[in-house]
Amino acid sequence: MGFGGGSREPVQVLIVDADPVQRRTVSAHLAAEAGVRFVPMAFATKAEAIECLADRTQSIIVADLETVGGVDELGSLSGNASSIIAMSARGSVHAAVAAMRAGAVDFLPKPFGAAALLDRLEAAIAQWSVAKPGAADRPSSDAAPLEVPVPVSGPTLAREDFEGFIGRSSAMALVYDQISRIAPSRAPVFVTGESGTGKELCAEAIHTRSGRAGRPFIAINCSAIPKDLMESEIFGHVRGAFTGATETRQGAAELADGGTLFLDEIGEMDLALQAKLLRFIQSGVVQRVGDVATRRVDVRIVCATHRDPVTEIAAGRFREDLFYRLHVLPIQLPPLRERPEDILPLASAFLSRYAAEEMRGFRGFEPPAAALLKQHPWPGNVRELQNAIRRMVVLHQGSEVTVAMLPPPIRNGVPARTTEWTAVSRALSAAVAPFWEQERTIIESAIEAHGGNIARAAAALEISPSTIYRKRQAWLDRRTA
């Protein structure tokens, strides 16, 4: 990284900031950490930077919003540089969204360190295509907030199989292109998408296509582990650190040393632990629970969530500083309903796989059954489709899947989520009982409806999995009191 568009020429980084101390600091960051990869040039005004840009083909502007005259003035720079990174001492999610809508590819809240700056620069270069991007490559004012702009001419036609993904739609072509571009970087990746869209598969693809492919890929689901144990799972513990710690144990961060650490459903992580995770990402140092010694590790962080991170920050459930540190290379996975042309290829692949596993003779779908599969909204996305096909294969036999073999929600045109809530609805219609009993009935019914999966039950009830664990413990205490 650090050389643009496949060239070995260093990239010009133009620092635009009226504060001379900030100009010297950013220049020092680049000189100390990046060697000959970047050539820093500092300017006190926007006009000086534009004049210097006239004869430069590969450059990144790191511009202070207050110096250039605010977000609205970024447009006057966008035609003169390959990429713009906005910075401001008044950092907020609103400012970041506004800057990126105005043409910036990223946003840095002041103060920031050398590592954060280099991550942003490498992320910007990763977005460049082989040819210099033109105006058509820049995000429009209607672009979705905080998404990586993908060059229009960059992605090739999606392949039917890409690192475990199946899909030939244009939406997946963009995802494949993003994965290919950002995989070689060291920068953190932030994957968003609805449940069942393949966020862990995306993380594995990034790891496989990176220089860390031969090293460990360690995944942790932050919604499936009680918050009291999460710190130990990530950072490890020493013997006697807490009740049940009978031996010293490495955490996921140490196990992933040299490789990739995937934190799924990071939005479910406790706020106190988010602060410790931020410190770890910034320092690269791990301290096991109950230990005084520290250990330095080298891991690339890939995280994922099905929630809107901006909404979570506004609600106080996700730290804004952690978001800025992780949201360097974002990827948004499309829901299955937005790529209907991929439904039948996915269904056929699952049918072949499970027919072989279960020794069935299925070879395809009857046209009416295929039409119903394409019409279904698939609120559970690819995971729901996968489970539906497996259920059909296990329960039936034949050469083709017929309409009668389809699960009732698909056959009758009823969204699956309606049937999943049946048990909860029955609980709500029960006789009047104390509130805690009704609450317990609703939660336990939801868990049962989701096959014992607490994370999915919590998502259906729109509460945190930690809430379910806490209430279960309270019910147990009530019975033993």
# chains A, B, ... in the order shown; residues from 1 in each chain; ligands from 1

call {"tool": "select_by_dssp", "arguments": {"residues": "stretch 232-425 of chain A", "states": "helix (DSSP H, G or I)", "output": "count of residues only"}}
result
98

call {"tool": "select_by_dssp", "arguments": {"residues": "stretch 298-360 of chain A", "states": "strand (DSSP E)", "output": "number ranges by chain"}}
result
A: 300-305, 329-332

call {"tool": "write_last_selection", "arguments": {"atoms": "N, CA and C atoms", "output": "PDB file, in the first residue's frame"}}
result
ATOM      1  N   ARG A 300      -5.552  -8.015  12.451  1.00  0.00           N
ATOM      2  CA  ARG A 300      -6.420  -7.111  11.688  1.00  0.00           C
ATOM      3  C   ARG A 300      -7.840  -7.320  12.193  1.00  0.00           C
ATOM      4  N   ILE A 301      -8.518  -6.235  12.488  1.00  0.00           N
ATOM      5  CA  ILE A 301      -9.868  -6.304  13.035  1.00  0.00           C
ATOM      6  C   ILE A 301     -10.888  -6.203  11.896  1.00  0.00           C
ATOM      7  N   VAL A 302     -11.774  -7.173  11.840  1.00  0.00           N
ATOM      8  CA  VAL A 302     -12.959  -7.099  10.986  1.00  0.00           C
ATOM      9  C   VAL A 302     -14.156  -7.258  11.909  1.00  0.00           C
ATOM     10  N   CYS A 303     -15.084  -6.324  11.878  1.00  0.00           N
ATOM     11  CA  CYS A 303     -16.259  -6.411  12.744  1.00  0.00           C
ATOM     12  C   CYS A 303     -17.520  -6.327  11.897  1.00  0.00           C
ATOM     13  N   ALA A 304     -18.630  -6.734  12.493  1.00  0.00           N
ATOM     14  CA  ALA A 304     -19.892  -6.754  11.755  1.00  0.00           C
ATOM     15  C   ALA A 304     -21.049  -6.477  12.697  1.00  0.00           C
ATOM     16  N   THR A 305     -22.117  -5.932  12.146  1.00  0.00           N
ATOM     17  CA  THR A 305     -23.341  -5.717  12.909  1.00  0.00           C
ATOM     18  C   THR A 305     -24.516  -5.662  11.952  1.00  0.00           C
ATOM     19  N   LEU A 329     -12.818   0.872   6.550  1.00  0.00           N
ATOM     20  CA  LEU A 329     -13.191   0.268   5.277  1.00  0.00           C
ATOM     21  C   LEU A 329     -14.565  -0.379   5.434  1.00  0.00           C
ATOM     22  N   PRO A 330     -15.639   0.351   5.181  1.00  0.00           N
ATOM     23  CA  PRO A 330     -16.979  -0.219   5.365  1.00  0.00           C
ATOM     24  C   PRO A 330     -17.434  -1.027   4.153  1.00  0.00           C
ATOM     25  N   ILE A 331     -18.172  -2.098   4.416  1.00  0.00           N
ATOM     26  CA  ILE A 331     -18.831  -2.891   3.373  1.00  0.00           C
ATOM     27  C   ILE A 331     -20.272  -3.105   3.799  1.00  0.00           C
ATOM     28  N   GLN A 332     -21.201  -2.822   2.912  1.00  0.00           N
ATOM     29  CA  GLN A 332     -22.625  -3.045   3.164  1.00  0.00           C
ATOM     30  C   GLN A 332     -23.077  -4.228   2.322  1.00  0.00           C
TER      31      GLN A 332
END

call {"tool": "residues_around", "arguments": {"residues": "stretch 208-223 of chain A", "least_positions_apart": "5", "cutoff": "7 Å", "atoms": "only C-alpha atoms", "output": "mmCIF file with N, CA and C atoms, in the first residue's frame"}}
result
data_model
loop_
_atom_site.group_PDB
_atom_site.id
_atom_site.type_symbol
_atom_site.label_atom_id
_atom_site.label_comp_id
_atom_site.auth_asym_id
_atom_site.auth_seq_id
_atom_site.Cartn_x
_atom_site.Cartn_y
_atom_site.Cartn_z
ATOM 1 N N ALA A 183 -8.903 -6.141 0.718
ATOM 2 C CA ALA A 183 -8.278 -7.277 1.410
ATOM 3 C C ALA A 183 -6.787 -7.070 1.691
ATOM 4 N N PRO A 184 -5.998 -6.518 0.763
ATOM 5 C CA PRO A 184 -4.561 -6.385 1.044
ATOM 6 C C PRO A 184 -4.221 -5.349 2.117
ATOM 7 N N ALA A 252 -9.031 -14.567 22.280
ATOM 8 C CA ALA A 252 -9.116 -14.566 20.826
ATOM 9 C C ALA A 252 -8.077 -13.647 20.189
ATOM 10 N N ALA A 256 -5.364 -14.978 17.483
ATOM 11 C CA ALA A 256 -5.392 -14.449 16.111
ATOM 12 C C ALA A 256 -4.104 -13.727 15.732
ATOM 13 N N GLY A 258 -1.080 -12.287 14.151
ATOM 14 C CA GLY A 258 -0.603 -12.453 12.788
ATOM 15 C C GLY A 258 -1.712 -12.635 11.771
ATOM 16 N N GLY A 259 -2.947 -12.834 12.251
ATOM 17 C CA GLY A 259 -4.072 -13.090 11.361
ATOM 18 C C GLY A 259 -5.177 -12.079 11.520
ATOM 19 N N THR A 260 -6.418 -12.571 11.521
ATOM 20 C CA THR A 260 -7.598 -11.707 11.525
ATOM 21 C C THR A 260 -8.499 -12.060 12.701
ATOM 22 N N LEU A 261 -8.973 -11.040 13.406
ATOM 23 C CA LEU A 261 -9.945 -11.210 14.490
ATOM 24 C C LEU A 261 -11.276 -10.666 14.011
ATOM 25 N N PHE A 262 -12.282 -11.541 13.937
ATOM 26 C CA PHE A 262 -13.607 -11.140 13.476
ATOM 27 C C PHE A 262 -14.544 -11.033 14.667
ATOM 28 N N LEU A 263 -15.081 -9.834 14.888
ATOM 29 C CA LEU A 263 -16.014 -9.572 15.982
ATOM 30 C C LEU A 263 -17.407 -9.380 15.390
ATOM 31 N N ASP A 264 -18.196 -10.454 15.417
ATOM 32 C CA ASP A 264 -19.534 -10.410 14.854
ATOM 33 C C ASP A 264 -20.502 -9.790 15.855
ATOM 34 N N GLU A 265 -21.483 -9.060 15.343
ATOM 35 C CA GLU A 265 -22.482 -8.364 16.166
ATOM 36 C C GLU A 265 -21.811 -7.524 17.256
ATOM 37 N N ILE A 266 -20.878 -6.700 16.830
ATOM 38 C CA ILE A 266 -20.122 -5.880 17.778
ATOM 39 C C ILE A 266 -21.017 -4.871 18.482
ATOM 40 N N GLU A 268 -23.548 -5.466 20.088
ATOM 41 C CA GLU A 268 -24.049 -6.061 21.332
ATOM 42 C C GLU A 268 -23.029 -5.991 22.462
ATOM 43 N N MET A 269 -21.829 -5.517 22.160
ATOM 44 C CA MET A 269 -20.775 -5.490 23.174
ATOM 45 C C MET A 269 -21.069 -4.430 24.236
ATOM 46 N N ALA A 455 -29.615 -15.307 20.544
ATOM 47 C CA ALA A 455 -29.311 -14.110 19.758
ATOM 48 C C ALA A 455 -30.456 -13.786 18.806
ATOM 49 N N PRO A 465 -29.265 -9.556 23.742
ATOM 50 C CA PRO A 465 -29.123 -10.888 24.328
ATOM 51 C C PRO A 465 -28.719 -10.851 25.801
#

call {"tool": "residues_around", "arguments": {"residues": "A:Val105", "least_positions_apart": "6", "cutoff": "7 Å", "atoms": "only C-alpha atoms", "output": "JSON, numbers by chain"}}
result
{"A": [83, 84, 85, 124]}

call {"tool": "write_last_selection", "arguments": {"atoms": "N, CA and C atoms", "output": "CSV table (one decimal), in the first residue's frame"}}
result
chain,number,residue,atom,x,y,z
A,83,SER,N,-8.4,11.8,-4.1
A,83,SER,CA,-9.2,11.5,-2.9
A,83,SER,C,-9.1,12.7,-1.9
A,84,ILE,N,-10.2,12.9,-1.1
A,84,ILE,CA,-10.2,13.9,-0.1
A,84,ILE,C,-10.5,13.2,1.2
A,85,ILE,N,-9.7,13.5,2.2
A,85,ILE,CA,-10.0,13.1,3.6
A,85,ILE,C,-10.3,14.3,4.4
A,124,ALA,N,-8.1,5.0,1.3
A,124,ALA,CA,-8.3,5.9,0.2
A,124,ALA,C,-7.7,5.3,-1.1
